[in-house]
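These notes are about the structure you will find just below.
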Amino acid sequence: MPTVLAVDDSREIHPFLKTALSQTCSLLLAGSLKEAEEILAKNEVHLILLDVSLPDGSGFDFCTTLQSQDSTQKIPVIFLTGKVGVGDKVLGLALGAEDYVTKPFDVLELRARVESKLKKFLYYAKEETYFQRGSLKFELSTYSIYLNENNGNQKLNMTPIEFKLLLKLARSPGYVLSREQLIDSVWGDSVYIEDRSVDRHISSIRKKLGTCSSYIRTVPGLGYQFLAEQQH
Amino acid sequence: MEGQFDAIQSVKSIETNYGPQVAREVVQIFLSDYPGKIAKLKTAIEQGNAEGIRFTAHDIKSGTLSMGIKPMSTVCETIERDGSKMDREKLQQLAQQLENDYNEISRSYGEYLNIQH
């Protein structure tokens, strides 16, 4: 089931959204932009429902930020707001939002709009066969990683777990991911894995990355961070 | 309250569209959160905090619109749109009207919750 993140600080909206979308998606709720950022760093989100007036900033600005980051720029955004002016609607759509829905919303209409955008997004997501970050090319269908250097592409001999770990980090460049987040993402939360096990895998990945080993930065006391874009 | 607003009818409408559990949950949030939101609006007016007035009025408008509470959303829309051109006295008058509307609606909502028990 796809995951939708709704960013709205009005608690009274949440029960409406849960009911409207319970059969369409798994719904994550954030009451602020800070919470939204944290959720995006930890979860794979397929669509964002975004309010405009939030306690810690503007949804318009946040949409611009999402569009500028590799890890979030493909996620469709639907503004869901009480701002009903034509100027606001035009601005929201000009910023790259897929849709602009005003409150009060009709449950069936909102569901239809969300389903329509999800269908489109998931169709294009399926089309994604590879993913490039810095000098690394991830071939998603074969779980292969290639290092692009002067003499062409060199296939790196990664295990499936190492592939998933590196992909998870590379999907959120700049974000510090904790060992717990990496474990949940790679192994799932029903398996007990020790933090040290993550460290061992990261160490092995670094060795295999060779000249690109500095792509993974250890953040003491927190976790790991992927930094390819800042360095290339 | 201006016009004929039937608070119980507005909850029944939520029940029809979303089910009784959601209607109950939304009414409970209204009763617990809105006194604080109105107090926040009054404080912003008292302090002459234009951004605080606009933000809080929008917040209340947005929530009450979704709950179908037209009298309150209309007052807040007026404050959000024209508040910067109003003097403190006029804003205080509108905030008081908002509080009166809240008090009246909350009585009906309280009855609704009692009937549900």
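The chains in the structure tokens are called A, B, ... from first to last as shown; in each chain the residues are counted from 1, and the ligands are counted from 1 in the order shown.
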Report task. Using only C-alpha atoms, find which residues of chain B lie within 7 Å of chain A and jot them down as a PyMOL selection string. Result -> chain B and resi 18+22+26+29+62-63+65-66
Emit the selected residues as a CSV table (one decimal), in the first residue's frame, including C-alpha atoms.
chain,number,residue,atom,x,y,z
B,18,TYR,CA,-17.5,10.0,7.9
B,22,VAL,CA,-15.2,10.5,13.4
B,26,VAL,CA,-13.9,15.9,15.9
B,29,ILE,CA,-11.1,18.1,19.6
B,62,SER,CA,-9.5,26.3,8.3
B,63,GLY,CA,-10.7,23.9,11.1
B,65,LEU,CA,-14.7,25.2,7.6
B,66,SER,CA,-13.9,21.5,7.6
Requested in this report: Pick out the residues sitting within 8 Å of B:Arg88, and hand them over as a count of residues only; count only C-alpha atoms, and ignore anything fewer than 4 positions along from it in its own chain.
Outcome: 4
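Our summary of the geometry notes that atom CA of A:Glu35 is positioned 8.4 Å from atom CA of A:Val7.
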Requested in this report: Check the DSSP output for the backbone and give back, as a PyMOL selection string, the residues of stretch 109-190 of chain A in helix (DSSP H, G or I).
Outcome: chain A and resi 109-127+160-171+179-186
With C-alpha atoms retained, could you export that selection as a PDB file, in the first residue's frame?
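And here is the file that came out, selection18.pdb:
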ATOM      1  CA  GLU A 109     -13.184  14.101  -4.298  1.00  0.00           C
ATOM      2  CA  LEU A 110     -10.049  14.121  -2.136  1.00  0.00           C
ATOM      3  CA  ARG A 111      -9.774  10.338  -2.351  1.00  0.00           C
ATOM      4  CA  ALA A 112     -10.142  10.457  -6.135  1.00  0.00           C
ATOM      5  CA  ARG A 113      -7.501  13.145  -6.488  1.00  0.00           C
ATOM      6  CA  VAL A 114      -5.045  11.317  -4.247  1.00  0.00           C
ATOM      7  CA  GLU A 115      -5.619   8.011  -6.039  1.00  0.00           C
ATOM      8  CA  SER A 116      -5.146   9.636  -9.414  1.00  0.00           C
ATOM      9  CA  LYS A 117      -1.806  11.206  -8.468  1.00  0.00           C
ATOM     10  CA  LEU A 118      -0.610   8.045  -6.730  1.00  0.00           C
ATOM     11  CA  LYS A 119      -1.401   5.961  -9.786  1.00  0.00           C
ATOM     12  CA  LYS A 120       0.651   8.302 -11.965  1.00  0.00           C
ATOM     13  CA  PHE A 121       3.521   8.478  -9.480  1.00  0.00           C
ATOM     14  CA  LEU A 122       3.707   4.733  -8.935  1.00  0.00           C
ATOM     15  CA  TYR A 123       3.589   4.123 -12.696  1.00  0.00           C
ATOM     16  CA  TYR A 124       6.631   6.339 -13.219  1.00  0.00           C
ATOM     17  CA  ALA A 125       8.346   4.904 -10.146  1.00  0.00           C
ATOM     18  CA  LYS A 126       8.062   1.469 -11.723  1.00  0.00           C
ATOM     19  CA  GLU A 127       9.811   2.861 -14.768  1.00  0.00           C
ATOM     20  CA  PRO A 160      21.992  -7.664  -1.054  1.00  0.00           C
ATOM     21  CA  ILE A 161      22.077  -6.242   2.488  1.00  0.00           C
ATOM     22  CA  GLU A 162      24.948  -3.915   1.594  1.00  0.00           C
ATOM     23  CA  PHE A 163      23.072  -2.839  -1.532  1.00  0.00           C
ATOM     24  CA  LYS A 164      19.966  -1.992   0.501  1.00  0.00           C
ATOM     25  CA  LEU A 165      21.948  -0.143   3.170  1.00  0.00           C
ATOM     26  CA  LEU A 166      23.845   1.972   0.667  1.00  0.00           C
ATOM     27  CA  LEU A 167      20.705   2.666  -1.371  1.00  0.00           C
ATOM     28  CA  LYS A 168      18.829   3.754   1.753  1.00  0.00           C
ATOM     29  CA  LEU A 169      21.600   6.201   2.641  1.00  0.00           C
ATOM     30  CA  ALA A 170      21.984   7.425  -0.935  1.00  0.00           C
ATOM     31  CA  ARG A 171      18.248   8.090  -1.253  1.00  0.00           C
ATOM     32  CA  ARG A 179      21.389   2.724  13.024  1.00  0.00           C
ATOM     33  CA  GLU A 180      17.842   1.985  14.158  1.00  0.00           C
ATOM     34  CA  GLN A 181      16.382   3.630  11.051  1.00  0.00           C
ATOM     35  CA  LEU A 182      18.750   1.671   8.833  1.00  0.00           C
ATOM     36  CA  ILE A 183      17.856  -1.594  10.574  1.00  0.00           C
ATOM     37  CA  ASP A 184      14.113  -0.910  10.235  1.00  0.00           C
ATOM     38  CA  SER A 185      14.508  -0.060   6.584  1.00  0.00           C
ATOM     39  CA  VAL A 186      16.810  -2.913   5.557  1.00  0.00           C
TER      40      VAL A 186
END
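Every protein, DNA or RNA residue with an atom at most 7 Å from stretch 28-34 of chain A, where only C-alpha atoms count and chain neighbours fewer than 2 positions away do not, is listed here: A:Val4, A:Leu5, A:Ala6, A:Val7, A:Asp8, A:Asp9, A:Ser26, A:Ala36, A:Glu37, A:Glu38, A:Leu54, A:Pro55, A:Asp56, A:Gly57.
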What would the file look like if the residues just selected were written as a tab-separated table (two decimals), in the first residue's frame with C-alpha atoms?
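Output file part_18.tsv is given in full below:
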chain	number	residue	atom	x	y	z
A	4	VAL	CA	0.90	9.39	2.06
A	5	LEU	CA	2.24	12.06	4.39
A	6	ALA	CA	-0.29	14.71	5.51
A	7	VAL	CA	1.22	17.88	6.96
A	8	ASP	CA	-1.43	19.82	8.85
A	9	ASP	CA	-1.31	21.27	12.35
A	26	SER	CA	-1.05	4.17	4.68
A	36	ALA	CA	7.42	16.29	8.15
A	37	GLU	CA	11.18	16.43	7.52
A	38	GLU	CA	11.79	13.76	10.14
A	54	LEU	CA	2.00	25.86	9.45
A	55	PRO	CA	3.35	26.87	12.85
A	56	ASP	CA	7.00	26.69	11.81
A	57	GLY	CA	6.80	28.01	8.26
Report task. Report as a ChimeraX atom specification: the residues of stretch 36-183 of chain A with a DSSP assignment of strand (DSSP E or B), based on the backbone of this structure. Result -> /A:47-50,53-54,57-58,77-81,99-102,130-133,136-139,144-149,152-156,176-178
Residue subset to file, keeping C-alpha atoms, as a tab-separated table (two decimals), in the first residue's frame:
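again_12.tsv written:
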chain	number	residue	atom	x	y	z
A	47	LEU	CA	2.57	11.59	-1.95
A	48	ILE	CA	2.40	14.63	0.33
A	49	LEU	CA	-0.76	16.48	1.35
A	50	LEU	CA	0.51	19.88	2.45
A	53	SER	CA	-0.02	27.90	6.99
A	54	LEU	CA	2.00	25.86	9.45
A	57	GLY	CA	6.80	28.01	8.26
A	58	SER	CA	5.04	28.18	4.94
A	77	VAL	CA	2.53	17.36	-3.58
A	78	ILE	CA	-1.14	18.25	-3.20
A	79	PHE	CA	-1.86	21.43	-1.29
A	80	LEU	CA	-4.75	20.97	1.13
A	81	THR	CA	-5.52	24.34	2.59
A	99	ASP	CA	-2.98	19.74	-7.31
A	100	TYR	CA	-4.55	22.31	-5.00
A	101	VAL	CA	-7.54	21.30	-2.87
A	102	THR	CA	-9.33	23.78	-0.62
A	130	TYR	CA	18.54	2.84	-12.14
A	131	PHE	CA	19.50	5.56	-9.71
A	132	GLN	CA	22.62	7.71	-9.86
A	133	ARG	CA	24.32	9.40	-6.95
A	136	LEU	CA	27.72	5.51	-8.07
A	137	LYS	CA	25.06	4.01	-10.29
A	138	PHE	CA	22.50	1.73	-8.62
A	139	GLU	CA	20.87	-0.78	-10.97
A	144	SER	CA	23.97	-4.06	-8.66
A	145	ILE	CA	26.11	-1.00	-8.01
A	146	TYR	CA	28.58	0.40	-10.51
A	147	LEU	CA	31.41	2.81	-9.77
A	148	ASN	CA	31.85	5.27	-12.60
A	149	GLU	CA	35.52	6.17	-12.98
A	152	GLY	CA	34.35	3.20	-17.33
A	153	ASN	CA	31.90	1.44	-15.07
A	154	GLN	CA	33.25	-1.00	-12.52
A	155	LYS	CA	30.75	-3.34	-10.89
A	156	LEU	CA	31.08	-3.43	-7.10
A	176	VAL	CA	21.77	11.59	9.19
A	177	LEU	CA	20.12	8.18	9.49
A	178	SER	CA	20.37	6.37	12.80
Report task. Compile the contact shell of B:Thr64 as a VMD selection string: residues with an atom at most 9 Å away, counting only C-alpha atoms, same-chain residues fewer than 4 positions apart removed. Result -> (chain A and resid 12 104) or (chain B and resid 30 59 to 60 68 to 73)
